Each structure stands twice: as structure tokens, then as C-alpha cells.
file start.txt (compact mmCIF, C-alpha atoms)
# COMPACT_ATOMS: atom_id res chain seq x y z
CA MET A 842 -87.18 148.36 76.64
CA LYS A 843 -84.78 150.67 74.87
CA LYS A 844 -82.19 147.90 74.51
CA LEU A 845 -84.85 145.51 73.19
CA PHE A 846 -85.89 148.04 70.56
CA LYS A 847 -82.26 148.49 69.53
CA VAL A 848 -81.77 144.72 69.19
CA LEU A 849 -84.96 144.39 67.14
CA LYS A 850 -83.85 147.24 64.89
CA ILE A 851 -80.48 145.57 64.29
CA LEU A 852 -82.20 142.26 63.52
CA CYS A 853 -84.55 144.01 61.12
CA ILE A 854 -81.62 145.63 59.29
CA VAL A 855 -79.77 142.30 59.07
CA VAL A 856 -82.83 140.56 57.63
CA LEU A 857 -83.46 143.31 55.09
CA ILE A 858 -79.89 143.30 53.74
CA SER A 859 -79.48 139.51 53.96
CA PRO A 860 -80.08 139.01 50.20
CA LEU A 861 -76.69 140.64 49.57
CA ALA A 862 -74.97 138.02 51.74
CA LEU A 863 -77.12 135.14 50.52
CA SER A 864 -76.21 135.92 46.91
CA TRP A 865 -72.70 134.56 47.65
CA LEU A 866 -74.09 131.10 48.33
CA PRO A 867 -74.42 128.72 45.36
CA SER A 868 -77.71 129.34 43.55
CA SER A 869 -78.45 125.61 43.88
CA TYR A 870 -79.10 126.23 47.61
CA PHE A 871 -82.23 128.20 46.75
CA ALA A 872 -83.23 126.59 43.46
CA GLY A 873 -85.75 124.39 45.24
CA LEU A 874 -87.48 127.43 46.73
CA ALA A 875 -87.90 129.21 43.39
CA PRO A 876 -90.48 128.30 40.73
CA GLN A 877 -88.99 125.76 38.34
CA ARG A 878 -89.76 127.90 35.30
CA ILE A 879 -87.42 130.72 36.38
CA VAL A 880 -84.70 128.24 37.31
CA ASP A 881 -84.84 126.45 33.95
CA SER A 882 -84.85 129.73 32.01
CA GLY A 883 -81.62 130.89 33.67
CA TYR A 884 -83.37 133.88 35.25
CA PHE A 885 -82.66 132.74 38.80
CA ALA A 886 -78.93 132.42 38.16
CA SER A 887 -78.92 135.94 36.65
CA LEU A 888 -80.82 137.24 39.69
CA VAL A 889 -78.28 135.80 42.12
CA SER A 890 -75.35 137.07 40.03
CA SER A 891 -76.80 140.58 39.83
CA PHE A 892 -77.12 140.91 43.61
CA LYS A 893 -73.67 139.39 44.08
CA GLU A 894 -72.20 142.08 41.85
CA LEU A 895 -74.31 144.71 43.62
CA SER A 896 -72.80 143.66 46.96
CA ILE A 897 -69.30 144.04 45.50
CA THR A 898 -70.16 147.48 44.13
CA LEU A 899 -71.65 148.67 47.42
CA ALA A 900 -68.75 147.38 49.51
CA ALA A 901 -66.07 148.84 47.22
CA THR A 902 -67.80 152.22 46.98
CA LEU A 903 -68.39 152.37 50.73
CA LEU A 904 -64.73 151.71 51.55
CA PHE A 905 -63.38 154.19 49.02
CA ALA A 906 -65.97 156.93 49.56
CA MET A 907 -65.85 156.71 53.37
CA LEU A 908 -62.06 156.93 53.37
CA LEU A 909 -62.08 160.02 51.16
CA SER A 910 -64.98 161.57 53.10
CA PHE A 911 -63.17 161.02 56.40
CA ILE A 912 -59.95 162.59 55.09
CA LEU A 913 -61.60 165.53 53.33
CA GLY A 914 -63.95 166.23 56.25
CA TYR A 915 -61.01 166.25 58.67
CA ILE A 916 -58.86 168.45 56.42
CA SER A 917 -61.76 170.84 55.79
CA VAL A 918 -61.95 171.61 59.52
CA LEU A 919 -58.21 171.50 60.13
CA TRP A 920 -57.49 174.06 57.40
CA MET A 921 -60.59 176.17 56.85
CA LYS A 922 -59.32 177.88 53.67
CA VAL A 923 -58.65 174.50 52.08
CA GLY A 924 -62.06 173.36 53.28
CA ARG A 925 -63.78 176.26 51.55
CA GLY A 926 -61.97 175.34 48.34
CA PHE A 927 -63.14 171.73 48.67
CA ALA A 928 -66.67 172.94 49.36
CA ASN A 929 -66.79 175.01 46.17
CA ILE A 930 -65.58 172.08 44.07
CA LEU A 931 -67.95 169.60 45.68
CA ASN A 932 -70.89 171.99 45.33
CA ALA A 933 -70.18 172.23 41.61
CA VAL A 934 -70.06 168.43 41.34
CA GLU A 935 -73.28 168.10 43.32
CA SER A 936 -75.11 170.26 40.79
CA ILE A 937 -74.56 167.61 38.09
CA PRO A 938 -77.06 164.70 38.06
CA ALA A 939 -75.42 161.50 39.30
CA ILE A 940 -76.42 159.48 36.24
CA LEU A 941 -74.67 161.99 33.97
CA VAL A 942 -71.50 161.74 36.07
CA ALA A 943 -71.57 157.95 35.64
CA LEU A 944 -72.11 158.20 31.88
CA PHE A 945 -69.34 160.78 31.49
CA CYS A 946 -66.94 158.57 33.46
CA TYR A 947 -67.67 155.61 31.20
CA ALA A 948 -67.27 157.54 27.93
CA PRO A 949 -63.40 157.50 27.88
CA VAL A 950 -63.22 153.74 28.55
CA SER A 951 -66.13 152.54 26.40
CA GLY A 952 -63.74 151.42 23.63
CA TYR A 953 -61.65 149.41 26.11
CA LEU A 954 -64.76 147.72 27.50
CA ALA A 955 -65.92 146.76 24.02
CA ARG A 956 -62.56 145.30 22.91
CA HIS A 957 -61.52 143.27 25.94
CA THR A 958 -62.69 140.01 27.44
CA SER A 959 -65.65 139.75 29.78
CA ALA A 960 -63.49 139.42 32.92
CA ALA A 961 -61.29 142.42 32.08
CA SER A 962 -64.21 144.63 31.05
CA THR A 963 -66.16 143.68 34.20
CA ILE A 964 -63.27 144.70 36.46
CA MET A 965 -62.74 147.96 34.56
CA SER A 966 -66.47 148.68 34.63
CA LEU A 967 -66.52 148.14 38.40
CA VAL A 968 -63.55 150.46 38.95
CA VAL A 969 -65.07 153.22 36.81
CA PHE A 970 -68.46 152.87 38.49
CA VAL A 971 -66.93 153.02 41.98
CA LEU A 972 -65.10 156.21 41.01
CA ALA A 973 -68.28 157.73 39.56
CA ALA A 974 -70.37 156.74 42.59
CA THR A 975 -67.74 158.15 44.94
CA VAL A 976 -67.74 161.47 43.11
CA THR A 977 -71.52 161.75 43.42
CA THR A 978 -71.64 160.80 47.11
CA LEU A 979 -68.68 162.89 48.33
CA PRO A 980 -70.35 166.33 48.55
CA GLU A 981 -73.02 165.34 51.06
CA ALA A 982 -70.73 162.91 52.89
CA VAL A 983 -67.95 165.46 53.45
CA ARG A 984 -70.46 168.11 54.48
CA SER A 985 -72.16 165.71 56.91
CA ILE A 986 -68.82 165.01 58.61
CA ALA A 987 -67.38 168.54 58.59
CA ILE A 988 -70.42 170.37 60.01
CA PRO A 989 -70.78 168.39 63.29
CA LEU A 990 -66.99 168.29 63.66
CA ILE A 991 -66.80 172.10 63.46
CA ASP A 992 -69.65 172.33 65.94
CA LEU A 993 -67.81 170.05 68.37
CA TYR A 994 -64.58 171.99 67.97
CA ASN A 995 -66.30 175.29 68.78
CA ARG A 996 -68.01 174.03 71.93
CA LYS A 997 -66.82 175.08 75.35
CA TYR A 998 -65.25 171.79 76.42
CA SER A 999 -62.85 171.87 73.45
CA LEU A 1000 -61.45 175.09 74.94
CA SER A 1001 -60.01 173.01 77.77
CA PHE A 1002 -57.97 171.03 75.26
CA ARG A 1003 -56.59 174.25 73.83
CA SER A 1004 -55.84 175.61 77.28
CA TYR A 1005 -53.61 172.58 77.87
CA GLY A 1006 -51.75 173.29 74.65
CA PHE A 1007 -53.27 170.54 72.51
CA PRO A 1008 -52.72 171.26 68.80
CA LYS A 1009 -55.81 171.51 66.58
CA MET A 1010 -54.87 168.31 64.77
CA ARG A 1011 -54.85 166.38 68.06
CA ILE A 1012 -58.13 167.92 69.26
CA LEU A 1013 -59.91 166.98 66.02
CA ALA A 1014 -58.54 163.44 66.25
CA ILE A 1015 -60.05 163.14 69.75
CA LEU A 1016 -63.37 164.63 68.64
CA MET A 1017 -63.55 162.13 65.77
CA THR A 1018 -63.93 159.34 68.36
CA THR A 1019 -66.93 160.85 70.17
CA ASP A 1020 -70.38 159.21 70.15
CA LEU A 1021 -71.74 162.03 68.02
CA MET A 1022 -69.15 161.49 65.29
CA ARG A 1023 -69.51 157.70 65.38
CA SER A 1024 -73.25 158.13 64.90
CA THR A 1025 -72.50 160.58 62.09
CA PHE A 1026 -70.21 158.06 60.38
CA ARG A 1027 -72.96 155.43 60.47
CA ARG A 1028 -75.45 157.79 58.84
CA VAL A 1029 -72.89 158.92 56.26
CA ALA A 1030 -72.16 155.27 55.40
CA ALA A 1031 -75.89 154.55 55.04
CA GLY A 1032 -76.28 157.60 52.80
CA ILE A 1033 -73.38 156.48 50.59
CA LEU A 1034 -74.85 152.98 50.30
CA LEU A 1035 -78.33 154.25 49.48
CA LYS A 1036 -77.09 156.68 46.82
CA THR A 1037 -74.85 154.03 45.30
CA LEU A 1038 -77.72 151.55 45.23
CA VAL A 1039 -79.96 154.02 43.41
CA LEU A 1040 -77.21 154.99 40.95
CA ASP A 1041 -76.28 151.36 40.29
CA CYS A 1042 -79.84 150.34 39.49
CA SER A 1043 -80.56 153.48 37.45
CA PHE A 1044 -77.36 153.05 35.46
CA GLY A 1045 -78.02 149.34 34.88
CA PHE A 1046 -81.55 150.14 33.76
CA ILE A 1047 -80.36 152.75 31.25
CA ILE A 1048 -77.57 150.53 29.89
CA GLN A 1049 -80.02 147.66 29.41
CA LEU A 1050 -82.51 149.89 27.59
CA GLY A 1051 -79.82 151.47 25.44
CA PHE A 1052 -77.58 148.53 24.59
CA GLY A 1053 -79.40 145.36 25.60
CA SER A 1054 -77.62 142.24 26.77
CA TYR A 1055 -74.82 142.69 24.21
CA GLY A 1056 -73.99 146.26 25.01
CA THR A 1057 -71.15 147.88 26.90
CA PRO A 1058 -70.17 148.69 29.55
CA ALA A 1059 -70.39 145.30 31.20
CA HIS A 1060 -72.42 146.30 34.25
CA LEU A 1061 -74.59 143.58 35.75
CA SER A 1062 -77.09 144.93 38.24
CA PRO A 1063 -80.64 144.27 39.46
CA GLY A 1064 -81.67 147.45 37.62
CA ALA A 1065 -80.61 145.90 34.32
CA LEU A 1066 -82.54 142.74 35.20
CA ILE A 1067 -85.65 144.78 35.92
CA ALA A 1068 -85.28 146.64 32.62
CA ALA A 1069 -84.79 143.40 30.70
CA HIS A 1070 -88.07 142.02 32.08
CA ARG A 1071 -90.14 145.20 32.18
CA ASP A 1072 -92.56 143.66 29.64
CA ALA A 1073 -93.44 141.01 32.23
CA LEU A 1074 -95.95 143.43 33.72
CA PHE A 1075 -98.02 143.44 30.56
CA GLU A 1076 -100.64 140.88 29.57
CA GLY A 1077 -99.12 137.49 28.87
CA GLY A 1078 -95.97 138.23 30.87
CA ASP A 1079 -94.74 136.75 34.13
CA PRO A 1080 -94.88 139.58 36.75
CA ILE A 1081 -92.66 137.65 39.17
CA LEU A 1082 -89.67 138.35 36.90
CA PHE A 1083 -90.14 142.06 37.54
CA TRP A 1084 -91.22 142.04 41.17
CA ILE A 1085 -88.60 139.72 42.73
CA PRO A 1086 -85.61 142.05 42.17
CA SER A 1087 -87.79 145.10 42.81
CA ALA A 1088 -88.98 143.80 46.20
CA VAL A 1089 -85.45 142.87 47.27
CA LEU A 1090 -84.13 146.31 46.29
CA ILE A 1091 -86.93 147.98 48.28
CA ALA A 1092 -86.03 145.87 51.34
CA ILE A 1093 -82.33 146.78 51.11
CA SER A 1094 -83.20 150.46 50.66
CA VAL A 1095 -85.42 150.39 53.76
CA ALA A 1096 -82.49 148.97 55.78
CA PHE A 1097 -80.27 151.86 54.72
CA LEU A 1098 -83.04 154.37 55.48
CA ILE A 1099 -83.43 152.97 59.00
CA VAL A 1100 -79.75 153.64 59.70
CA LEU A 1101 -79.90 157.00 57.92
CA ASN A 1102 -82.76 158.16 60.14
CA GLU A 1103 -81.00 157.30 63.39
CA LYS A 1104 -80.97 160.03 66.01
CA GLU A 1105 -77.66 161.66 66.72
CA GLY A 1106 -75.50 159.94 69.30
CA GLY A 1107 -74.81 161.39 72.70
CA ASN A 1108 -72.33 164.17 73.22
CA ALA A 1109 -68.75 163.47 74.22
call {"tool": "encode", "arguments": {"input": "start.txt", "output": "C-alpha cells"}}
result
Amino acid sequence: MKKLFKVLKILCIVVLISPLALSWLPSSYFAGLAPQRIVDSGYFASLVSSFKELSITLAATLLFAMLLSFILGYISVLWMKVGRGFANILNAVESIPAILVALFCYAPVSGYLARHTSAASTIMSLVVFVLAATVTTLPEAVRSIAIPLIDLYNRKYSLSFRSYGFPKMRILAILMTTDLMRSTFRRVAAGILLKTLVLDCSFGFIIQLGFGSYGTPAHLSPGALIAAHRDALFEGGDPILFWIPSAVLIAISVAFLIVLNEKEGGNA
């Protein structure tokens, strides 16, 4: 029964995040399923493109943020004084709202984004956003890795490693492979993805409200699409233009929350 529940949970997660993978298929594959009016208006193509770019943003941020979190979490336990220094810096960063971090990161490159071609500005915008998202997700991610790793290191069975002369670096490397830490890594990854998703949509929404379709930076996201069609909820509008991206974003967020709320793995 437990295995069946686990399989069903995995299937549920796959179904909920499937729009990110499906966005890479040609939009013509799904054009027949969508109302003709949103296909003819170009809305459907924009919808597919926005989730395609969202998938790129999430994947890039996850890889970069997880790598830094892994390294900083490991170093924080290996050298406690350095770890306390990292903690103070990350705590200061965490006190700044994520959307402000993103806006501050874009300020120095706004001129570049306005002057260069669409392809160049899109790449630069993605790089800057990944950096901003990583900065905002690092504090909790590093803390979530370092705390259970310290706990494992201080447990009785780690004393046996020390009694055999294992260096601290080697002991921590072994502890990083335990079920508890693997479960921790999954939850940290889900947390990074969920925070990045929220920041991406919030940032896209604000950029759309502030600059419209001709503004910079070039940041295509479902949040911008929702902002562009927010009037669809009023009388005379077409509510489907607002609710399609909203419903898909809710589904993806639920998938990340399911992973985030996993129970801790077994002890080593």
C-alpha cells in the first residue's frame, strides 16, 4: 500500500508539472484543443512560449542555486567560522524582499537590454534573473542543508568514523549520501523551484504593468501574460485568457508543494 501511494504521488507530480514539458512541443499539436479565437489572436502561441521560457528559467536557476547551496552548506559545516560568516551575509540578503533584489539586479543592465536585439536581451535577461533568483533562494537553501548535516555529524555513529581517523571532510562527504540528506536535497530543490516560480511570475507581472509589451527587460513569463489580460475578468472580457495560465501555475505550484512537504528520509 505504501509503494502504491508513492507511485500515485509521483504520477500526480508528473501530471501537474507536465505543462512545462508540453510547452516544448509545437503549439500546432494543441491548437485543435484550444478555442479557435485564442489561436487566431496569437494568445495561444504566447501562452506556450511563456511556459517554455518559464521551464528554462526554473531549470537554470535550479542547477545554479542547488550547486551553490550544496557547496556553501558543506563548507558551512566543514569550517564553522566561515559558516557563521556566510550565515550573517545570507540573513542580511533574506531580509530584502525578493522582488526588490530582482529589480536591483536589472537596474545596471537596463540600458543594455533596451539597446540590443531581442535575442541578446532575452539571454541577458535570463542570466540576470537566474542570478537574482539564486540570491533570494540561497539563504533558506543553505540553512536547510547545513542544519541536518550538522545534526548528522554530531550523532553518535559519526564518532566511529572519527575513531578510525576519518578526516571531517571525508565524514561529511559520506553523510551527504545518506537517505536523510537525499530527502533534504529534494525538498531544497522543490523550495528553490517554488520560490523561483513565484518570483518569475511576480516580476513578469510588474514589468508588464510598468512597461507593457514594449518595455524592458525582455522577460516573457506567465505572470506577464496574466497581467496583460487582467481586464478579461471584467464585463465584456474573455475570462479564459486570465484563468488558463493561472490554473496551470497553480497546478505546478501544487507539485512543488507536494515534494516540499515530504517527510524526512530514514536515517543512515
call {"tool": "closest_residue", "arguments": {"input": "start.txt", "among": "A:Leu863, A:Ala1092, A:Val889, A:Ala973", "to": "Ala948 of chain A", "atoms": "all atoms listed in the file"}}
result
A:Ala973
call {"tool": "residues_around", "arguments": {"input": "start.txt", "residues": "Phe871 of chain A", "least_positions_apart": "3", "cutoff": "12 Å", "atoms": "only C-alpha atoms", "output": "MDAnalysis selection string"}}
result
chainID A and resid 860 863:868 874:877 879:880 885:886 888:889
call {"tool": "write_last_selection", "arguments": {"input": "start.txt", "atoms": "C-alpha atoms", "output": "PDB file, keeping the file's coordinate frame"}}
result
ATOM      1  CA  PRO A 860     -80.080 139.010  50.200  1.00  0.00           C
ATOM      2  CA  LEU A 863     -77.120 135.140  50.520  1.00  0.00           C
ATOM      3  CA  SER A 864     -76.210 135.920  46.910  1.00  0.00           C
ATOM      4  CA  TRP A 865     -72.700 134.560  47.650  1.00  0.00           C
ATOM      5  CA  LEU A 866     -74.090 131.100  48.330  1.00  0.00           C
ATOM      6  CA  PRO A 867     -74.420 128.720  45.360  1.00  0.00           C
ATOM      7  CA  SER A 868     -77.710 129.340  43.550  1.00  0.00           C
ATOM      8  CA  LEU A 874     -87.480 127.430  46.730  1.00  0.00           C
ATOM      9  CA  ALA A 875     -87.900 129.210  43.390  1.00  0.00           C
ATOM     10  CA  PRO A 876     -90.480 128.300  40.730  1.00  0.00           C
ATOM     11  CA  GLN A 877     -88.990 125.760  38.340  1.00  0.00           C
ATOM     12  CA  ILE A 879     -87.420 130.720  36.380  1.00  0.00           C
ATOM     13  CA  VAL A 880     -84.700 128.240  37.310  1.00  0.00           C
ATOM     14  CA  PHE A 885     -82.660 132.740  38.800  1.00  0.00           C
ATOM     15  CA  ALA A 886     -78.930 132.420  38.160  1.00  0.00           C
ATOM     16  CA  LEU A 888     -80.820 137.240  39.690  1.00  0.00           C
ATOM     17  CA  VAL A 889     -78.280 135.800  42.120  1.00  0.00           C
TER      18      VAL A 889
END
call {"tool": "residues_near_point", "arguments": {"input": "start.txt", "point": "(-70.2, 138.9, 47.2)", "cutoff": "8 Å", "atoms": "all atoms listed in the file", "output": "ChimeraX atom specification"}}
result
/A:861-862,864-865,893-897
call {"tool": "atom_distance", "arguments": {"input": "start.txt", "atom1": "atom CA of Ser887 of chain A", "atom2": "atom CA of Leu1098 of chain A"}}
result
26.7 Å
call {"tool": "atom_distance", "arguments": {"input": "start.txt", "atom1": "atom CA of Ile1081 of chain A", "atom2": "atom CA of Val1095 of chain A"}}
result
20.7 Å
call {"tool": "closest_atom_pairs", "arguments": {"input": "start.txt", "of": "segment 1077-1097 of chain A", "to": "segment 1036-1052 of chain A", "cutoff": "9 Å", "atoms": "all atoms listed in the file", "output": "JSON lines"}}
result
{"residue": "A:Leu1090", "atom": "CA", "partner": "A:Leu1038", "partner_atom": "CA", "distance": 8.3}
{"residue": "A:Ile1093", "atom": "CA", "partner": "A:Leu1038", "partner_atom": "CA", "distance": 8.9}
{"residue": "A:Ser1094", "atom": "CA", "partner": "A:Leu1038", "partner_atom": "CA", "distance": 7.8}
call {"tool": "residues_around", "arguments": {"input": "start.txt", "residues": "Phe905 of chain A", "least_positions_apart": "5", "cutoff": "12 Å", "atoms": "all atoms listed in the file", "output": "short mmCIF file (atom, residue, chain, number, x, y, z; two decimals) with C-alpha atoms, in the coordinates of the input"}}
result
data_model
loop_
_atom_site.label_atom_id
_atom_site.label_comp_id
_atom_site.auth_asym_id
_atom_site.auth_seq_id
_atom_site.Cartn_x
_atom_site.Cartn_y
_atom_site.Cartn_z
CA THR A 898 -70.16 147.48 44.13
CA LEU A 899 -71.65 148.67 47.42
CA ALA A 900 -68.75 147.38 49.51
CA SER A 910 -64.98 161.57 53.10
CA PHE A 911 -63.17 161.02 56.40
CA ILE A 912 -59.95 162.59 55.09
CA VAL A 968 -63.55 150.46 38.95
CA PHE A 970 -68.46 152.87 38.49
CA VAL A 971 -66.93 153.02 41.98
CA LEU A 972 -65.10 156.21 41.01
CA ALA A 973 -68.28 157.73 39.56
CA ALA A 974 -70.37 156.74 42.59
CA THR A 975 -67.74 158.15 44.94
CA VAL A 976 -67.74 161.47 43.11
CA THR A 978 -71.64 160.80 47.11
CA LEU A 979 -68.68 162.89 48.33
CA ALA A 1030 -72.16 155.27 55.40
CA ILE A 1033 -73.38 156.48 50.59
CA LEU A 1034 -74.85 152.98 50.30
#
call {"tool": "closest_residue", "arguments": {"input": "start.txt", "among": "A:Phe1097, A:Phe1075, A:Tyr915, A:Tyr947", "to": "Leu967 of chain A", "atoms": "only C-alpha atoms"}}
result
A:Tyr947
call {"tool": "residues_around", "arguments": {"input": "start.txt", "residues": "Gly914 of chain A", "least_positions_apart": "2", "cutoff": "12 Å", "atoms": "all atoms listed in the file", "output": "PDB file with C-alpha atoms, in the frame of the given file"}}
result
ATOM      1  CA  ALA A 906     -65.970 156.930  49.560  1.00  0.00           C
ATOM      2  CA  MET A 907     -65.850 156.710  53.370  1.00  0.00           C
ATOM      3  CA  LEU A 908     -62.060 156.930  53.370  1.00  0.00           C
ATOM      4  CA  LEU A 909     -62.080 160.020  51.160  1.00  0.00           C
ATOM      5  CA  SER A 910     -64.980 161.570  53.100  1.00  0.00           C
ATOM      6  CA  PHE A 911     -63.170 161.020  56.400  1.00  0.00           C
ATOM      7  CA  ILE A 912     -59.950 162.590  55.090  1.00  0.00           C
ATOM      8  CA  ILE A 916     -58.860 168.450  56.420  1.00  0.00           C
ATOM      9  CA  SER A 917     -61.760 170.840  55.790  1.00  0.00           C
ATOM     10  CA  VAL A 918     -61.950 171.610  59.520  1.00  0.00           C
ATOM     11  CA  LEU A 919     -58.210 171.500  60.130  1.00  0.00           C
ATOM     12  CA  TRP A 920     -57.490 174.060  57.400  1.00  0.00           C
ATOM     13  CA  MET A 921     -60.590 176.170  56.850  1.00  0.00           C
ATOM     14  CA  VAL A 923     -58.650 174.500  52.080  1.00  0.00           C
ATOM     15  CA  GLY A 924     -62.060 173.360  53.280  1.00  0.00           C
ATOM     16  CA  ARG A 925     -63.780 176.260  51.550  1.00  0.00           C
ATOM     17  CA  PHE A 927     -63.140 171.730  48.670  1.00  0.00           C
ATOM     18  CA  ALA A 928     -66.670 172.940  49.360  1.00  0.00           C
ATOM     19  CA  LEU A 931     -67.950 169.600  45.680  1.00  0.00           C
ATOM     20  CA  LEU A 979     -68.680 162.890  48.330  1.00  0.00           C
ATOM     21  CA  PRO A 980     -70.350 166.330  48.550  1.00  0.00           C
ATOM     22  CA  GLU A 981     -73.020 165.340  51.060  1.00  0.00           C
ATOM     23  CA  ALA A 982     -70.730 162.910  52.890  1.00  0.00           C
ATOM     24  CA  VAL A 983     -67.950 165.460  53.450  1.00  0.00           C
ATOM     25  CA  ARG A 984     -70.460 168.110  54.480  1.00  0.00           C
ATOM     26  CA  SER A 985     -72.160 165.710  56.910  1.00  0.00           C
ATOM     27  CA  ILE A 986     -68.820 165.010  58.610  1.00  0.00           C
ATOM     28  CA  ALA A 987     -67.380 168.540  58.590  1.00  0.00           C
ATOM     29  CA  ILE A 988     -70.420 170.370  60.010  1.00  0.00           C
ATOM     30  CA  PRO A 989     -70.780 168.390  63.290  1.00  0.00           C
ATOM     31  CA  LEU A 990     -66.990 168.290  63.660  1.00  0.00           C
ATOM     32  CA  ILE A 991     -66.800 172.100  63.460  1.00  0.00           C
ATOM     33  CA  LEU A1013     -59.910 166.980  66.020  1.00  0.00           C
ATOM     34  CA  ALA A1014     -58.540 163.440  66.250  1.00  0.00           C
ATOM     35  CA  MET A1017     -63.550 162.130  65.770  1.00  0.00           C
ATOM     36  CA  MET A1022     -69.150 161.490  65.290  1.00  0.00           C
ATOM     37  CA  THR A1025     -72.500 160.580  62.090  1.00  0.00           C
ATOM     38  CA  PHE A1026     -70.210 158.060  60.380  1.00  0.00           C
ATOM     39  CA  VAL A1029     -72.890 158.920  56.260  1.00  0.00           C
TER      40      VAL A1029
END
call {"tool": "closest_residue", "arguments": {"input": "start.txt", "among": "A:Leu1074, A:Leu941, A:Leu1066, A:Cys853", "to": "Pro1086 of chain A", "atoms": "only C-alpha atoms"}}
result
A:Leu1066
call {"tool": "atom_distance", "arguments": {"input": "start.txt", "atom1": "atom CA of Val1100 of chain A", "atom2": "atom CA of Thr1019 of chain A"}}
result
18.1 Å
call {"tool": "closest_residue", "arguments": {"input": "start.txt", "among": "A:Leu1021, A:Ile930, A:Leu1016, A:Phe892", "to": "Ile1085 of chain A", "atoms": "all atoms listed in the file"}}
result
A:Phe892
call {"tool": "axis_aligned_box", "arguments": {"input": "start.txt", "around": "segment 857-866 of chain A", "padding_each_side": "3 Å", "output": "JSON"}}
result
{"center_x": -78.1, "center_y": 137.2, "center_z": 51.0, "size_x": 16.8, "size_y": 18.2, "size_z": 14.2}
